[in-house]
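Inspection log for the structure reproduced underneath, given as structure tokens.
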Amino acid sequence: MRGHGEISSKTQPVINPALEEPLLKLHRAIDVRSFWKAVQQLLAASIPNHSVGLSLQQSPGVPVISRWTRRMPNDFFVAEPLRSYGMHPRRKKLARLADFFDNRNSFERSALYRHYLVPHNCAHGVALLFWKGQRPICIIAILRTSKQEDFSPTELKLVRQLYPQFLAALRRIESLERERSMRVNFQQFLRRLPLPTIVLRWNLKPI
């Protein structure tokens, strides 16, 4: 009986079955717009929050995409210490905003807290950081009011379990965007050719 108990505990779902539908929507996302919508739905179903923000820049040469569920200054994600943490060698995947400071008092005296959180009725926050090499390509911020209280260890554990789900969706969107870009470039190349052209596969069948 003990052995059966151990087996059943290992086969329990890692994530609540109630999140299956929003997770399916996340993995069906085909672009940034549908990804952002799925992120909102998944976090609304899993973690109590007051505001959710997204910052995305998959390549250094493209503009940064910034989205919020509630009004927030556009420069939140480049405010200190989030800006400097992007160059930090430790590359954490999840961190409380207060963890960027020596203690809670330092956090509440910071410009991040006084200029961004307090005016928007927020007191607590966590950041999920997604990296490509040494550069953060995406940050998802989850903010809470003082009445909602700080994130519990159980809630942080759930956010860590959701992290690979977000990462898989981001990689899929990046792959789709790369395919679309290659297709557009190829079409533009064909338009510039002076003569009618047929492009063949290795077996001489037209593409």
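We name chains A, B, ... following the order of the structure tokens; residues begin at 1 in each chain, and ligands are numbered from 1 as shown.
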#### Entry: Test item, helix (DSSP H, G or I) assignment across stretch 69-196 of chain A, answer as a count of residues only
67
### Task
Would you list the contacts of stretch 62-68 of chain A as number ranges by chain, taking every protein, DNA or RNA residue within 6 Å and counting only C-alpha atoms, but skipping same-chain residues closer than 6 positions in sequence?
A: 52-56
Preceding selection exported with N, CA and C atoms as a PDB file, in the first residue's frame:
```
ATOM      1  N   VAL A  52      -1.303  43.708 -13.944  1.00  0.00           N
ATOM      2  CA  VAL A  52      -0.320  42.846 -14.605  1.00  0.00           C
ATOM      3  C   VAL A  52       0.297  43.628 -15.763  1.00  0.00           C
ATOM      4  N   GLY A  53       1.620  43.550 -15.870  1.00  0.00           N
ATOM      5  CA  GLY A  53       2.317  44.254 -16.945  1.00  0.00           C
ATOM      6  C   GLY A  53       3.213  43.326 -17.736  1.00  0.00           C
ATOM      7  N   LEU A  54       3.450  43.703 -18.990  1.00  0.00           N
ATOM      8  CA  LEU A  54       4.298  42.916 -19.889  1.00  0.00           C
ATOM      9  C   LEU A  54       5.252  43.835 -20.620  1.00  0.00           C
ATOM     10  N   SER A  55       6.526  43.459 -20.649  1.00  0.00           N
ATOM     11  CA  SER A  55       7.520  44.141 -21.464  1.00  0.00           C
ATOM     12  C   SER A  55       8.204  43.089 -22.326  1.00  0.00           C
ATOM     13  N   LEU A  56       8.232  43.324 -23.652  1.00  0.00           N
ATOM     14  CA  LEU A  56       8.758  42.310 -24.574  1.00  0.00           C
ATOM     15  C   LEU A  56       9.617  42.968 -25.637  1.00  0.00           C
TER      16      LEU A  56
END
```
### Message
Residues near A:Gln41, anyone? I mean within 12 Å using only C-alpha atoms, not counting same-chain ones fewer than 4 positions away, as a PyMOL selection string.
### Response
chain A and resi 19-26+34-37+45-49+52+69
Selection from above, N, CA, C and O atoms, as a CSV table (one decimal), in the first residue's frame, can you write it?
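The resulting out15.csv:
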```
chain,number,residue,atom,x,y,z
A,19,LEU,N,-6.9,25.3,-14.4
A,19,LEU,CA,-6.1,26.2,-15.3
A,19,LEU,C,-5.9,25.6,-16.7
A,19,LEU,O,-5.2,26.2,-17.5
A,20,GLU,N,-6.5,24.4,-17.0
A,20,GLU,CA,-6.2,23.8,-18.2
A,20,GLU,C,-6.7,24.7,-19.4
A,20,GLU,O,-6.0,24.8,-20.4
A,21,GLU,N,-7.9,25.2,-19.3
A,21,GLU,CA,-8.4,26.1,-20.4
A,21,GLU,C,-7.6,27.3,-20.7
A,21,GLU,O,-7.2,27.5,-21.8
A,22,PRO,N,-7.2,28.1,-19.6
A,22,PRO,CA,-6.4,29.3,-19.9
A,22,PRO,C,-5.0,28.8,-20.4
A,22,PRO,O,-4.3,29.6,-21.2
A,23,LEU,N,-4.5,27.7,-20.0
A,23,LEU,CA,-3.2,27.2,-20.4
A,23,LEU,C,-3.3,26.8,-21.9
A,23,LEU,O,-2.3,27.1,-22.7
A,24,LEU,N,-4.4,26.2,-22.3
A,24,LEU,CA,-4.5,25.9,-23.7
A,24,LEU,C,-4.6,27.1,-24.6
A,24,LEU,O,-4.0,27.2,-25.7
A,25,LYS,N,-5.2,28.2,-24.1
A,25,LYS,CA,-5.3,29.5,-24.8
A,25,LYS,C,-3.9,30.1,-24.9
A,25,LYS,O,-3.5,30.7,-26.0
A,26,LEU,N,-3.1,29.9,-23.9
A,26,LEU,CA,-1.7,30.4,-23.9
A,26,LEU,C,-0.9,29.7,-25.0
A,26,LEU,O,-0.2,30.4,-25.7
A,34,SER,N,-2.3,37.9,-28.9
A,34,SER,CA,-3.0,36.8,-28.4
A,34,SER,C,-2.2,36.2,-27.1
A,34,SER,O,-2.8,35.7,-26.2
A,35,PHE,N,-0.9,36.4,-27.1
A,35,PHE,CA,-0.1,36.0,-26.0
A,35,PHE,C,-0.4,36.8,-24.8
A,35,PHE,O,-0.7,36.3,-23.7
A,36,TRP,N,-0.5,38.2,-25.0
A,36,TRP,CA,-0.8,39.1,-23.9
A,36,TRP,C,-2.2,38.8,-23.3
A,36,TRP,O,-2.4,38.8,-22.1
A,37,LYS,N,-3.2,38.5,-24.2
A,37,LYS,CA,-4.5,38.2,-23.7
A,37,LYS,C,-4.5,36.9,-22.9
A,37,LYS,O,-5.2,36.9,-21.9
A,45,ALA,N,-6.9,33.7,-13.4
A,45,ALA,CA,-7.5,32.5,-12.9
A,45,ALA,C,-6.7,31.8,-11.9
A,45,ALA,O,-7.1,30.9,-11.2
A,46,SER,N,-5.4,32.2,-11.7
A,46,SER,CA,-4.5,31.5,-10.8
A,46,SER,C,-4.0,32.3,-9.7
A,46,SER,O,-3.8,31.8,-8.6
A,47,ILE,N,-3.7,33.6,-9.9
A,47,ILE,CA,-3.1,34.4,-8.8
A,47,ILE,C,-3.9,35.7,-8.6
A,47,ILE,O,-4.0,36.5,-9.6
A,48,PRO,N,-4.4,36.0,-7.4
A,48,PRO,CA,-5.0,37.3,-7.2
A,48,PRO,C,-4.1,38.4,-7.4
A,48,PRO,O,-2.9,38.4,-7.0
A,49,ASN,N,-4.5,39.4,-8.2
A,49,ASN,CA,-3.6,40.5,-8.5
A,49,ASN,C,-4.4,41.8,-8.7
A,49,ASN,O,-5.7,41.8,-8.9
A,52,VAL,N,-1.3,43.7,-13.9
A,52,VAL,CA,-0.3,42.8,-14.6
A,52,VAL,C,0.3,43.6,-15.8
A,52,VAL,O,-0.4,44.3,-16.5
A,69,THR,N,-2.6,45.9,-17.6
A,69,THR,CA,-4.0,45.8,-17.4
A,69,THR,C,-4.6,47.0,-16.8
A,69,THR,O,-5.8,47.3,-17.0
```
Please provide as an mmCIF file with C-alpha atoms, in the first residue's frame all residues within 10 Å of A:Leu82, with the sequence filter that same-chain residues fewer than 4 positions apart are discarded (counting only C-alpha atoms).
```cif
data_model
loop_
_atom_site.group_PDB
_atom_site.id
_atom_site.type_symbol
_atom_site.label_atom_id
_atom_site.label_comp_id
_atom_site.auth_asym_id
_atom_site.auth_seq_id
_atom_site.Cartn_x
_atom_site.Cartn_y
_atom_site.Cartn_z
ATOM 1 C CA PHE A 76 8.185 51.239 -15.366
ATOM 2 C CA PHE A 77 10.308 48.414 -16.789
ATOM 3 C CA VAL A 78 13.350 50.643 -17.310
ATOM 4 C CA GLY A 86 18.953 43.245 -16.818
ATOM 5 C CA MET A 87 22.764 43.239 -16.772
ATOM 6 C CA HIS A 88 23.037 41.166 -13.589
ATOM 7 C CA LEU A 97 10.294 43.568 -6.331
ATOM 8 C CA PHE A 100 15.952 43.971 -5.361
ATOM 9 C CA LEU A 112 10.223 52.423 -7.791
ATOM 10 C CA ALA A 127 8.622 39.876 -11.705
ATOM 11 C CA ILE A 139 9.331 40.648 -18.119
#
```
### Query
Which is closest to A:Arg71 among A:Gln165, A:Asn121, A:Gln40, A:Ser59, if we use only C-alpha atoms?
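Looking at the shortest contact to A:Arg71, the residue is A:Asn121.
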### Nearest to A:Lys157 by atom-to-atom distance, counting only C-alpha atoms, from A:Pro194, A:Leu43, A:Glu108, A:Leu94
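The closest residue to A:Lys157 is A:Leu94.
The space separating atom CA of A:Arg191 from atom CA of A:Gln58 comes to 28.3 Å.
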### Query
Where does DSSP see strand (DSSP E or B) in stretch 75-197 of chain A, if you list the residues as a list in words?
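Those in stretch 75-197 of chain A that DSSP calls strand (DSSP E or B) are Leu94, Ala95, Arg96, His124, Gly125, Val126, Ala127, Leu128, Leu129, Phe130, Trp131, Lys132, Arg135, Pro136, Ile137, Cys138, Ile139, Ile140, Ala141, Ile142, Leu143 and Arg144 of chain A.
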#### Entry: Atom pair atom CA of A:Ile142 / atom CA of A:Gln57: separation (Å)
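It comes out at 18.4 Å.
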### Query
Please, what distance in Å, to one decimal, runs between atom CA of A:Leu170 and atom CA of A:Arg91?
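Result for atom CA of A:Leu170 versus atom CA of A:Arg91: 17.6 Å, one decimal.
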### Query
Restricting the calculation to only C-alpha atoms, which member of A:Leu204, A:Val199, A:Ser84, A:Arg70 is positioned closest to A:Arg135?
A:Ser84
### Task
Determine, counting only C-alpha atoms, which protein, DNA and RNA residues have an atom within 10 Å of an atom of A:Ala95; residues of the same chain fewer than 5 positions away are not included. Present the result as a list in words.
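Listing them by chain and then by number gives Phe100, Gly125, Val126, Ala127, Leu128, Leu129, Ala141 and Leu156 of chain A.
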## Note on the structure
Nearest to A:Tyr85, restricted to only C-alpha atoms and choosing among A:Pro136, A:Val118, A:Val39, A:Ser106, comes out as A:Pro136
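Checking A:Gly61, A:Ser175, A:Asn105, A:Asn16 one by one against A:Leu162, counting only C-alpha atoms, you find the shortest gap at A:Asn16.
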